[in-house]
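**Student:** Here's a structure for you.
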Number of protein chains: 2
Amino acid sequence: MPLLGPAPFSVARYLVSRTTVPKLALLTARASRTRHDGRRRMGTLPEGESPAATGELSTRELDATLNRRERVVILGSGWAGYSLSRTLDHRKYQVVIVSPRSYFVFTPLLASTAVGTLEFRTAVESIRSRRNRAAFIQGWADDVDLYSKTVRVEEAVADPRQGTALVAARYEGKDAATLDAELVAKHASGQMFNLRYDKLVIAVGCYNQTFDVPGVRQHAHFLKDVGDARKIRRRLLESFETAALPTTPDAVRRQILHFAVVGGGPTGVEFSAELHDLIYQDMARIYPELVQFAKISLFDVSPSVLSAFDARLARYALDLFARGGIDVKTSRTIQSLRAGLPGVDPGLKSGRLGYTLSIAGEPDVGVGMCIWSTGLMMNPFIQKALSTIRRFPPKEVIFKSAMPHAGEIPWHILRDPKTGSIVTNDRLRVLIVPDEAEHAEPGVKAHLRDVFAIGDCSVIEGVQYPATAQVASQKALWLAKRLNRGDLHTTRFRFRNLGILAYLGGSKAIYEIGNKGQGIAGRAAWLVWRGAYLAKSISWRNRVLIPIYWFLNWAFGRDISRF
Amino acid sequence: MPLLGPAPFSVARYLVSRTTVPKLALLTARASRTRHDGRRRMGTLPEGESPAATGELSTRELDATLNRRERVVILGSGWAGYSLSRTLDHRKYQVVIVSPRSYFVFTPLLASTAVGTLEFRTAVESIRSRRNRAAFIQGWADDVDLYSKTVRVEEAVADPRQGTALVAARYEGKDAATLDAELVAKHASGQMFNLRYDKLVIAVGCYNQTFDVPGVRQHAHFLKDVGDARKIRRRLLESFETAALPTTPDAVRRQILHFAVVGGGPTGVEFSAELHDLIYQDMARIYPELVQFAKISLFDVSPSVLSAFDARLARYALDLFARGGIDVKTSRTIQSLRAGLPGVDPGLKSGRLGYTLSIAGEPDVGVGMCIWSTGLMMNPFIQKALSTIRRFPPKEVIFKSAMPHAGEIPWHILRDPKTGSIVTNDRLRVLIVPDEAEHAEPGVKAHLRDVFAIGDCSVIEGVQYPATAQVASQKALWLAKRLNRGDLHTTRFRFRNLGILAYLGGSKAIYEIGNKGQGIAGRAAWLVWRGAYLAKSISWRNRVLIPIYWFLNWAFGRDISRF
């Protein structure tokens, strides 16, 4: 087996030695499989023979149902990966999704679920369903071997992080020896296995950016996954219930009912708006004595918010927020987020439930919760797995001009210098460049025939599209069509801007139509907002449930049970 | 302040000493409150003066809205407490619910939510809502002082146990010194306060009984609260997803897809039935290759299941289970529940996700989950708070015959010798008896004028009603009516048996009508089951949502997203 790094070597060594260690003997079925695996890993198979051809027992169920189709392995189950899996022709391709989460999140509705306007599951679609014929493996893609066309997968069924935003690499803070030992243990415990692909689509998305501001990873709430939304809902209601206790002093009430939102993009703005609706439509009736203490502040490091929108629409939003009492604080730099409230006895229980936000040049602020939404951090998988390509079979690579010695020099995947994203061509194929310029003519580039990258983890060479769900799903649908028809060479991907929307609270929104700076604001834009997201919802279950929850929560108020 | 035990003395001591310790100084508002509290606790106020009259600052918001009404403090928010709070006349009484959970659980639908037939919130009603005018304090009742008519409350807003079944007393395993120190710390940190009542209704319910079988508390899943249902749903889906991994050997699949239900009462039977529906209606389509490994076993220590039902109905249920493949194993004693599967290498990750069930006289069984539902354990609050009454004002007690020296002898609350429940008379007033027989004539009894007990934590003297939601809510409604009308003396509580229902899976149920041994079984009984619980549902929100979820999950299958 060709190797991407030193780790699999140690696995091989380990597997040799363990055959002599009886206490590690597994169940019969398991043991025979491991021996087989071991033999392959130890390199006794002829090099270049594909693991599938020699009977990769660990994926035998997938292999049995392949039926001469090509296998498309999709890494990721977000807007890009999930849309692709649903559109690919299952008669032509065996589609296998590898993702650490077992569902797709309809992100535009997450903020609504975080305040209870919608139930969590209305923003979620299970990858496995009666209708979806894609196979699914719940796991992390850990490494890619371009030579044998396999992905090393680490299972993630019981991963405690599933459902919540990712802010740090899994291997962060661990040295090479620790990582190596972990890898060996994971192979031995059946947590890792190899999955062969014919075509690979990298759609792993991005992590949440914290800029390493102290305390943010530990104490902030993010809004990227449905588990995050649940945590926020719980914490919001907990803050009000704490404030309602007879033992909570007013000074503490004022702080734990202060909610800070950091990041003035659409996510931060929409969450502030939804929170405002919750507080003034429901909490004001349920806790009439507490609403005087509630406050929302929206912080951004730049001098403006909603910069993706036309200036007039952004100004409309700011005016609306000002009238609604949402305090928009631009040009503010957050320095840290600590547990506990400022100026409150640390022994007082209700005071321990808040956080202290430090802002450059301003006094510390006590808050009940800090929602953090300041953009994207590149997925560590991109940095780790695809940084150096040791070896690839030349037929997998398409060169623009003849390169006779291409197989002899080291290459790496081309990454965007600013964002770290994978760079693809406009057919979404991943580009590779020689490691060092001296090995080749300047500017030489090639692309991988069967490896694609879509979604937030990728950019197209020379084009600036925003990192949005719209771009991700358009790329996915374009790629699925091309693969289904087999006409990848006849056309090139182009993004068609359908406009951007942001909900602003109180049944008002802004809608910018296309690229022309035209837009509408107010109730009409809100109807577009609701209509668009209802129409885009994927399952009929959710298309039925979403308007029912909109109606019920309008008629009876949002549910504030906390469990 | 009259004292029930030694602890408040130490609080007083502590409060004296802390005035000289500046580092403990709290916020101004907080400090003045504490000093006031301290003064009262230290006994400088005239004995017998009620804390409210001297300005109990910690409940000033409640006191301000009292408006000459009597305050009814209800401990608990289950069938008894919640029903009572909704029916009491709010013009006549200020109703205050004290409960560690912020919602009422509609328990008959919990098993449906645990498998995804219904969404969790359809089995939950928030205590606070736009419509419910009862005040709510999220806390544990910790102690009751009959003399000054106050309840000591410990706040529980951030209690990590909320939402899940309780299986052990909070103070278990702690010695008196530790408890005393904790009490002091809780008073100091504002976690404890006193709440005055005019009438007290004890409706704290029961805990889950584990019979101290080793490992059950740690590893079993219970089905008493909505957080339990969520854990079960998550674990069920996790078991299937683990079994679906290519690295999971068949021998492990067979064990982690084996689900053990312990307890053959209606809860255990209904959960088995719902689980059977989930597996054969949904999982069979989503994981067709795995359904061969799935198995449900229902264990009971007694020789029969569903003993509350007529023998013919119970036999119908057994026949249905036998045909559906649910293995009913009676006369089995569970000896322990351990983490890890028997006969599987403990190093194998997927093997670590299961449990080992030890059964007397049988080989160990590997299971993916053990659902434990073997009846009720008396609430430790009953044992602790009301075991000895040091002192009570004679006018609070009603004696059957003249007892001139009643105030001079120690009394305690009468408890059922078998179950440990509080014994009430048939007006639901709590009975008290002298501590030692020599102090009074044999059989002497009295009852407390303003203290009632309803629900699973209480029994009526000389009557055997089952510990069911039906009895609890009938007691609550009867008591609410009497208190609203002020005619407690003119009538006595009598339970009217409306029949019992149990769902058996596959759209079949059994329904026993009243006490006459009559009943129906099959699809008609299932329609009664659905109709009855839909009609009994409390909010309009849930009455709309429940049939919608029934329809959607029938039409599109249950949602299996896991987060």
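Here's how to read the names in the structure tokens: chain A, B, ... by the order shown, residue numbers from 1 in each chain, ligand numbers from 1 in the order shown.
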Using only C-alpha atoms, which chain A residues lie at most 7 Å away from chain B, written as an MDAnalysis selection string?

**Tutor:** chainID A and resid 24:27 29:30 58:59 102:103 125:126 128:130 137 157 162:163 189:191 227 238 241:242 245:247 249 285:286 344:345 347:349 541 552 556 559:563

**Student:** Could you write those residues out with C-alpha atoms, as a PDB file, in the first residue's frame?

**Tutor:**
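Written file, result_33.pdb:
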```
ATOM      1  CA  LEU A  24      -5.494  -8.960  21.925  1.00  0.00           C
ATOM      2  CA  ALA A  25      -7.260 -11.780  20.113  1.00  0.00           C
ATOM      3  CA  LEU A  26     -10.643 -10.596  18.956  1.00  0.00           C
ATOM      4  CA  LEU A  27     -13.797 -12.421  18.013  1.00  0.00           C
ATOM      5  CA  ALA A  29     -14.825 -12.844  12.546  1.00  0.00           C
ATOM      6  CA  ARG A  30     -12.964  -9.775  13.664  1.00  0.00           C
ATOM      7  CA  SER A  58     -14.321  -3.934   5.818  1.00  0.00           C
ATOM      8  CA  THR A  59     -16.378  -2.476   2.981  1.00  0.00           C
ATOM      9  CA  SER A 102     -25.610  11.927  10.153  1.00  0.00           C
ATOM     10  CA  TYR A 103     -27.762  14.722   8.756  1.00  0.00           C
ATOM     11  CA  GLU A 125     -32.639  16.249   7.029  1.00  0.00           C
ATOM     12  CA  SER A 126     -31.342  12.819   7.886  1.00  0.00           C
ATOM     13  CA  ARG A 128     -30.328   8.084   5.674  1.00  0.00           C
ATOM     14  CA  SER A 129     -33.988   8.068   4.816  1.00  0.00           C
ATOM     15  CA  ARG A 130     -36.456   5.859   3.025  1.00  0.00           C
ATOM     16  CA  ILE A 137     -20.638   6.112   6.738  1.00  0.00           C
ATOM     17  CA  VAL A 157     -20.709   7.391  15.507  1.00  0.00           C
ATOM     18  CA  GLN A 162     -21.240  15.835  16.617  1.00  0.00           C
ATOM     19  CA  GLY A 163     -24.013  18.363  16.347  1.00  0.00           C
ATOM     20  CA  SER A 189      -9.797  -0.948  17.678  1.00  0.00           C
ATOM     21  CA  GLY A 190     -11.576  -1.016  14.334  1.00  0.00           C
ATOM     22  CA  GLN A 191     -12.111   2.720  14.325  1.00  0.00           C
ATOM     23  CA  GLY A 227     -26.634  21.092  18.434  1.00  0.00           C
ATOM     24  CA  GLU A 238     -31.953  29.348  31.494  1.00  0.00           C
ATOM     25  CA  GLU A 241     -35.251  31.477  34.595  1.00  0.00           C
ATOM     26  CA  THR A 242     -32.159  32.438  36.616  1.00  0.00           C
ATOM     27  CA  LEU A 245     -35.318  33.535  40.891  1.00  0.00           C
ATOM     28  CA  PRO A 246     -36.127  35.538  44.016  1.00  0.00           C
ATOM     29  CA  THR A 247     -32.477  35.266  45.052  1.00  0.00           C
ATOM     30  CA  PRO A 249     -30.213  40.652  42.545  1.00  0.00           C
ATOM     31  CA  ARG A 285     -45.611  38.209  28.319  1.00  0.00           C
ATOM     32  CA  ILE A 286     -44.148  35.316  30.270  1.00  0.00           C
ATOM     33  CA  VAL A 344     -20.326  40.409  41.258  1.00  0.00           C
ATOM     34  CA  ASP A 345     -19.200  38.292  44.199  1.00  0.00           C
ATOM     35  CA  GLY A 347     -19.542  33.161  45.432  1.00  0.00           C
ATOM     36  CA  LEU A 348     -23.025  34.195  44.350  1.00  0.00           C
ATOM     37  CA  LYS A 349     -24.511  31.310  42.385  1.00  0.00           C
ATOM     38  CA  ARG A 541     -42.132  16.471   6.186  1.00  0.00           C
ATOM     39  CA  LEU A 552     -48.576  27.744  16.110  1.00  0.00           C
ATOM     40  CA  PHE A 556     -49.814  30.425  20.967  1.00  0.00           C
ATOM     41  CA  ASP A 559     -42.509  26.938  23.656  1.00  0.00           C
ATOM     42  CA  ILE A 560     -40.092  27.705  26.469  1.00  0.00           C
ATOM     43  CA  SER A 561     -39.691  24.262  28.046  1.00  0.00           C
ATOM     44  CA  ARG A 562     -36.061  23.570  28.741  1.00  0.00           C
ATOM     45  CA  PHE A 563     -34.660  20.024  28.855  1.00  0.00           C
TER      46      PHE A 563
END
```

**Student:** For Ser297 in chain B, find every residue with an atom within 6 Å (counting only C-alpha atoms), except residues of its own chain fewer than 6 positions away, and show them as a list in words.

**Tutor:** Ala260, Ile326, Asp327 and Val328 of chain B

**Student:** How would you write, as a PyMOL selection string, the set of residues in range 218-364 of chain A that DSSP gives as helix (DSSP H, G or I)?

**Tutor:** chain A and resi 218-219+226-244+250-256+266-286+291-293+311-324+349-352

**Student:** Separation of CA of Trp79 in chain A and CA of Arg429 in chain A, in Å?

**Tutor:**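 If I compute the distance from CA of Trp79 in chain A to CA of Arg429 in chain A, I get 18.2 Å.
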
**Student:** Give me, please, the distance in Å between CA of Asp145 in chain A and CA of Asp198 in chain A, quoted to one decimal.

**Tutor:**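 Between CA of Asp145 in chain A and CA of Asp198 in chain A the gap works out to 12.0 Å.
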
**Student:** Skipping near chain neighbours, those fewer than 5 positions away, what residues fall within 12 Å of Thr424 in chain B using only C-alpha atoms, listed as a PyMOL selection string?

**Tutor:** chain B and resi 201-202+413-416+429-433+445-449+451-455+457-463+475+492-493

**Student:** List as a ChimeraX atom specification the protein and nucleic acid residues near range 270-275 of chain B, meaning an atom at most 8 Å away when only C-alpha atoms are counted, but skip any in the same chain fewer than 6 places from it.

**Tutor:** /B:111-112,115,261,296,298,326,502-506

**Student:** Give me the residues near Trp550 in chain B as a CSV table (one decimal) with all heavy atoms, in the first residue's frame, where near means some atom within 8 Å (using only C-alpha atoms) and where sequence neighbours in that chain fewer than 3 positions away do not count.

**Tutor:**
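To be explicit, this is the file written out as out.csv:
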```csv
chain,number,residue,atom,x,y,z
B,117,THR,N,-41.9,8.6,17.1
B,117,THR,CA,-43.2,8.7,16.6
B,117,THR,C,-43.8,10.1,16.8
B,117,THR,O,-44.6,10.6,16.0
B,117,THR,CB,-44.1,7.6,17.3
B,117,THR,OG1,-43.5,6.4,17.2
B,117,THR,CG2,-45.5,7.5,16.6
B,118,LEU,N,-43.4,10.7,17.9
B,118,LEU,CA,-43.8,12.1,18.2
B,118,LEU,C,-42.5,12.9,18.5
B,118,LEU,O,-41.5,12.3,18.9
B,118,LEU,CB,-44.7,12.1,19.4
B,118,LEU,CG,-46.1,11.6,19.2
B,118,LEU,CD1,-46.9,11.5,20.5
B,118,LEU,CD2,-46.9,12.4,18.1
B,546,ILE,N,-49.7,16.8,17.6
B,546,ILE,CA,-49.7,15.3,17.8
B,546,ILE,C,-50.3,14.6,16.6
B,546,ILE,O,-49.6,13.7,16.0
B,546,ILE,CB,-50.4,14.9,19.1
B,546,ILE,CG1,-49.4,15.3,20.3
B,546,ILE,CG2,-50.6,13.4,19.2
B,546,ILE,CD1,-50.1,15.3,21.6
B,547,PRO,N,-51.5,14.9,16.1
B,547,PRO,CA,-52.0,14.2,14.9
B,547,PRO,C,-51.2,14.5,13.7
B,547,PRO,O,-51.0,13.6,12.8
B,547,PRO,CB,-53.4,14.7,14.8
B,547,PRO,CG,-53.6,15.8,15.7
B,547,PRO,CD,-52.5,15.8,16.7
B,553,ASN,N,-45.3,10.8,10.3
B,553,ASN,CA,-44.4,9.7,10.5
B,553,ASN,C,-45.0,8.4,9.9
B,553,ASN,O,-44.2,7.5,9.5
B,553,ASN,CB,-44.1,9.5,12.0
B,553,ASN,CG,-43.2,10.6,12.4
B,553,ASN,OD1,-42.3,11.0,11.7
B,553,ASN,ND2,-43.4,11.1,13.6
B,554,TRP,N,-46.3,8.4,9.7
B,554,TRP,CA,-46.9,7.3,9.0
B,554,TRP,C,-46.6,7.4,7.5
B,554,TRP,O,-46.2,6.4,6.8
B,554,TRP,CB,-48.4,7.2,9.3
B,554,TRP,CG,-49.2,6.3,8.4
B,554,TRP,CD1,-49.2,5.0,8.5
B,554,TRP,CD2,-49.9,6.7,7.2
B,554,TRP,NE1,-50.0,4.5,7.4
B,554,TRP,CE2,-50.4,5.5,6.6
B,554,TRP,CE3,-50.2,7.9,6.6
B,554,TRP,CZ2,-51.2,5.5,5.5
B,554,TRP,CZ3,-51.0,7.9,5.4
B,554,TRP,CH2,-51.5,6.7,4.9
```

**Student:** Using only C-alpha atoms, which of A:Tyr533, A:Phe309, A:Trp411, A:Phe381 sits nearest Glu172 in chain A?

**Tutor:**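 For Glu172 in chain A, the nearest of the candidates is A:Phe381.
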
**Student:** From the options B:Lys384, B:Arg323, B:Arg485, B:His412, which residue's atoms come nearest to His276 in chain B, counting only C-alpha atoms?

**Tutor:**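 Looking at the shortest contact to His276 in chain B, the residue is B:Arg323.
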
**Student:** Pick out the residues sitting within 12 Å of Ala169 in chain A, and hand them over as a PDB file with C-alpha atoms, in the first residue's frame; count only C-alpha atoms, and ignore anything fewer than 5 positions along from it in its own chain.

**Tutor:**
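Saved to around35.pdb:
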```
ATOM      1  CA  TRP A 140     -14.097  11.605   9.575  1.00  0.00           C
ATOM      2  CA  ASP A 142      -8.577  11.323   7.772  1.00  0.00           C
ATOM      3  CA  ARG A 161     -18.617  16.747  19.183  1.00  0.00           C
ATOM      4  CA  LYS A 174      -0.790  16.876  20.024  1.00  0.00           C
ATOM      5  CA  CYS A 206     -15.197  25.120   7.068  1.00  0.00           C
ATOM      6  CA  TYR A 207     -14.817  25.445  10.814  1.00  0.00           C
ATOM      7  CA  ASN A 208     -15.859  28.442  12.896  1.00  0.00           C
ATOM      8  CA  GLN A 209     -13.301  31.204  13.166  1.00  0.00           C
ATOM      9  CA  ARG A 217     -13.736  28.441  22.171  1.00  0.00           C
ATOM     10  CA  MET A 377     -11.641  28.971   9.417  1.00  0.00           C
ATOM     11  CA  MET A 378     -10.208  26.553   6.875  1.00  0.00           C
ATOM     12  CA  ASN A 379     -10.975  22.915   7.593  1.00  0.00           C
ATOM     13  CA  PRO A 380      -7.845  21.329   9.122  1.00  0.00           C
ATOM     14  CA  PHE A 381      -8.406  18.241   6.945  1.00  0.00           C
ATOM     15  CA  ILE A 382      -7.507  20.333   3.898  1.00  0.00           C
ATOM     16  CA  GLN A 383      -4.294  21.480   5.479  1.00  0.00           C
ATOM     17  CA  LYS A 384      -3.315  18.084   6.793  1.00  0.00           C
TER      18      LYS A 384
END
```

**Student:** I'd like to know which of A:Pro214, A:Gly116, A:Ser336, A:Gly375 is closest to Ile279 in chain A, using only C-alpha atoms.

**Tutor:**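 The shortest atom-to-atom distance to Ile279 in chain A comes from A:Gly116.
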
**Student:** Please, which residues of range 172-411 of chain B, numbered as in this document, come out strand (DSSP E or B) from DSSP, as a short mmCIF file (atom, residue, chain, number, x, y, z; two decimals) with N, CA, C and O atoms, in the first residue's frame?

**Tutor:**
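That gives us states_26.cif:
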```
data_model
loop_
_atom_site.label_atom_id
_atom_site.label_comp_id
_atom_site.auth_asym_id
_atom_site.auth_seq_id
_atom_site.Cartn_x
_atom_site.Cartn_y
_atom_site.Cartn_z
N MET B 192 -30.35 29.32 48.28
CA MET B 192 -31.44 28.89 49.15
C MET B 192 -32.22 30.08 49.66
O MET B 192 -31.64 31.12 49.96
N PHE B 193 -33.51 29.89 49.80
CA PHE B 193 -34.33 30.94 50.38
C PHE B 193 -35.59 30.31 50.93
O PHE B 193 -35.91 29.15 50.62
N ASN B 194 -36.31 31.08 51.75
CA ASN B 194 -37.53 30.57 52.35
C ASN B 194 -38.75 31.15 51.65
O ASN B 194 -38.76 32.31 51.26
N LEU B 195 -39.75 30.31 51.52
CA LEU B 195 -40.99 30.73 50.86
C LEU B 195 -42.15 30.43 51.80
O LEU B 195 -42.33 29.29 52.23
N ARG B 196 -42.90 31.47 52.14
CA ARG B 196 -44.02 31.29 53.06
C ARG B 196 -45.24 30.76 52.32
O ARG B 196 -45.45 31.09 51.15
N LYS B 199 -51.27 27.59 52.24
CA LYS B 199 -51.58 26.17 52.07
C LYS B 199 -50.41 25.53 51.32
O LYS B 199 -49.86 26.12 50.39
N LEU B 200 -50.08 24.30 51.73
CA LEU B 200 -48.97 23.60 51.09
C LEU B 200 -49.50 22.30 50.49
O LEU B 200 -50.21 21.55 51.17
N VAL B 201 -49.17 22.06 49.24
CA VAL B 201 -49.57 20.81 48.60
C VAL B 201 -48.31 20.06 48.18
O VAL B 201 -47.52 20.57 47.38
N ILE B 202 -48.12 18.89 48.76
CA ILE B 202 -46.94 18.10 48.47
C ILE B 202 -47.29 17.14 47.33
O ILE B 202 -48.15 16.28 47.48
N TYR B 207 -39.26 8.60 42.72
CA TYR B 207 -38.05 8.37 41.93
C TYR B 207 -38.17 7.02 41.23
O TYR B 207 -39.08 6.24 41.51
N ASN B 208 -37.21 6.72 40.36
CA ASN B 208 -37.18 5.42 39.71
C ASN B 208 -36.52 4.40 40.63
O ASN B 208 -35.47 4.66 41.21
N HIS B 221 -31.10 2.99 30.92
CA HIS B 221 -31.89 4.14 30.47
C HIS B 221 -33.26 4.05 31.13
O HIS B 221 -33.86 2.97 31.15
N HIS B 258 -29.47 -5.72 20.18
CA HIS B 258 -30.36 -6.40 21.11
C HIS B 258 -30.75 -5.41 22.20
O HIS B 258 -29.90 -4.88 22.91
N PHE B 259 -32.04 -5.11 22.31
CA PHE B 259 -32.50 -4.11 23.26
C PHE B 259 -33.27 -4.80 24.38
O PHE B 259 -34.22 -5.53 24.13
N ALA B 260 -32.81 -4.60 25.61
CA ALA B 260 -33.42 -5.24 26.76
C ALA B 260 -34.31 -4.24 27.49
O ALA B 260 -33.88 -3.13 27.79
N VAL B 261 -35.54 -4.64 27.76
CA VAL B 261 -36.46 -3.81 28.54
C VAL B 261 -36.71 -4.57 29.84
O VAL B 261 -37.11 -5.74 29.80
N VAL B 262 -36.45 -3.95 30.96
CA VAL B 262 -36.65 -4.61 32.25
C VAL B 262 -37.87 -4.00 32.93
O VAL B 262 -37.89 -2.78 33.18
N LYS B 295 -33.22 -7.31 17.91
CA LYS B 295 -33.98 -8.16 18.82
C LYS B 295 -34.45 -7.35 20.03
O LYS B 295 -33.72 -6.47 20.50
N ILE B 296 -35.64 -7.65 20.52
CA ILE B 296 -36.15 -6.99 21.74
C ILE B 296 -36.46 -8.07 22.76
O ILE B 296 -37.14 -9.05 22.44
N SER B 297 -35.97 -7.91 23.98
CA SER B 297 -36.31 -8.84 25.07
C SER B 297 -36.92 -8.03 26.21
O SER B 297 -36.41 -6.98 26.58
N LEU B 298 -38.01 -8.57 26.75
CA LEU B 298 -38.70 -7.91 27.87
C LEU B 298 -38.60 -8.81 29.10
O LEU B 298 -39.10 -9.94 29.09
N PHE B 299 -37.90 -8.31 30.12
CA PHE B 299 -37.65 -9.11 31.32
C PHE B 299 -38.57 -8.68 32.46
O PHE B 299 -38.84 -7.49 32.62
N ILE B 326 -41.06 -10.25 19.90
CA ILE B 326 -40.57 -9.69 21.17
C ILE B 326 -40.51 -10.82 22.18
O ILE B 326 -41.50 -11.50 22.44
N ASP B 327 -39.34 -11.02 22.73
CA ASP B 327 -39.08 -12.16 23.59
C ASP B 327 -39.43 -11.78 25.03
O ASP B 327 -38.71 -11.00 25.66
N VAL B 328 -40.51 -12.31 25.56
CA VAL B 328 -40.93 -11.98 26.93
C VAL B 328 -40.34 -13.01 27.87
O VAL B 328 -40.62 -14.20 27.76
N LYS B 329 -39.49 -12.55 28.79
CA LYS B 329 -38.79 -13.47 29.70
C LYS B 329 -39.20 -13.15 31.12
O LYS B 329 -38.65 -12.24 31.75
N ILE B 334 -32.47 -9.77 37.35
CA ILE B 334 -31.29 -9.11 36.79
C ILE B 334 -30.29 -8.92 37.93
O ILE B 334 -30.64 -8.39 38.99
N GLN B 335 -29.06 -9.34 37.71
CA GLN B 335 -28.06 -9.23 38.78
C GLN B 335 -27.13 -8.05 38.61
O GLN B 335 -26.66 -7.49 39.60
N SER B 336 -26.84 -7.69 37.37
CA SER B 336 -25.99 -6.51 37.17
C SER B 336 -26.05 -6.07 35.72
O SER B 336 -26.48 -6.82 34.83
N LEU B 337 -25.60 -4.84 35.50
CA LEU B 337 -25.49 -4.27 34.16
C LEU B 337 -24.11 -3.62 34.08
O LEU B 337 -23.79 -2.75 34.89
N ARG B 338 -23.29 -4.12 33.15
CA ARG B 338 -21.92 -3.59 33.04
C ARG B 338 -21.71 -2.97 31.66
O ARG B 338 -22.36 -3.36 30.69
N ALA B 339 -20.73 -2.07 31.57
CA ALA B 339 -20.36 -1.51 30.27
C ALA B 339 -19.52 -2.53 29.51
O ALA B 339 -18.75 -3.29 30.11
N TYR B 355 -23.51 -3.11 26.40
CA TYR B 355 -23.57 -3.41 27.83
C TYR B 355 -23.75 -4.91 28.02
O TYR B 355 -24.24 -5.61 27.14
N THR B 356 -23.39 -5.38 29.21
CA THR B 356 -23.57 -6.79 29.55
C THR B 356 -24.59 -6.90 30.67
O THR B 356 -24.43 -6.28 31.73
N LEU B 357 -25.62 -7.69 30.41
CA LEU B 357 -26.68 -7.89 31.38
C LEU B 357 -26.49 -9.27 32.00
O LEU B 357 -26.43 -10.26 31.29
N SER B 358 -26.38 -9.29 33.34
CA SER B 358 -26.25 -10.58 34.02
C SER B 358 -27.59 -10.97 34.59
O SER B 358 -28.22 -10.20 35.32
N ILE B 359 -28.03 -12.19 34.28
CA ILE B 359 -29.32 -12.69 34.72
C ILE B 359 -29.06 -13.93 35.57
O ILE B 359 -28.25 -14.78 35.18
N VAL B 365 -25.71 -11.67 28.80
CA VAL B 365 -26.30 -11.24 27.52
C VAL B 365 -25.71 -9.88 27.14
O VAL B 365 -25.66 -8.97 27.97
N GLY B 366 -25.27 -9.76 25.90
CA GLY B 366 -24.80 -8.47 25.41
C GLY B 366 -25.96 -7.69 24.84
O GLY B 366 -26.74 -8.22 24.05
N VAL B 367 -26.08 -6.43 25.24
CA VAL B 367 -27.19 -5.60 24.73
C VAL B 367 -26.66 -4.23 24.32
O VAL B 367 -25.62 -3.78 24.80
N MET B 369 -28.62 -1.57 24.68
CA MET B 369 -29.24 -0.63 25.62
C MET B 369 -30.14 -1.43 26.54
O MET B 369 -30.73 -2.43 26.15
N CYS B 370 -30.24 -0.96 27.79
CA CYS B 370 -31.15 -1.58 28.75
C CYS B 370 -32.10 -0.49 29.25
O CYS B 370 -31.66 0.47 29.87
N ILE B 371 -33.38 -0.66 28.97
CA ILE B 371 -34.38 0.30 29.44
C ILE B 371 -34.97 -0.25 30.73
O ILE B 371 -35.47 -1.40 30.76
N TRP B 372 -34.92 0.53 31.78
CA TRP B 372 -35.25 0.06 33.12
C TRP B 372 -36.54 0.74 33.60
O TRP B 372 -36.58 1.94 33.71
N LEU B 376 -41.49 2.24 41.41
CA LEU B 376 -41.23 3.53 42.04
C LEU B 376 -40.46 3.40 43.34
O LEU B 376 -40.64 2.44 44.10
N MET B 377 -39.61 4.38 43.60
CA MET B 377 -38.89 4.47 44.86
C MET B 377 -39.39 5.74 45.55
O MET B 377 -39.60 6.75 44.89
N ILE B 389 -41.48 16.21 63.30
CA ILE B 389 -42.01 17.56 63.44
C ILE B 389 -41.63 18.04 64.83
O ILE B 389 -42.13 17.52 65.83
N VAL B 397 -53.40 22.24 63.52
CA VAL B 397 -53.64 20.80 63.56
C VAL B 397 -55.07 20.54 64.01
O VAL B 397 -55.58 21.23 64.89
N ILE B 398 -55.67 19.59 63.38
CA ILE B 398 -57.04 19.25 63.75
C ILE B 398 -57.03 17.86 64.38
O ILE B 398 -56.57 16.90 63.77
N PHE B 399 -57.50 17.80 65.64
CA PHE B 399 -57.51 16.54 66.37
C PHE B 399 -58.89 15.94 66.33
O PHE B 399 -59.89 16.65 66.35
N TRP B 411 -44.11 14.76 67.23
CA TRP B 411 -44.97 14.08 66.27
C TRP B 411 -44.18 13.80 65.00
O TRP B 411 -43.13 14.39 64.76
#
```
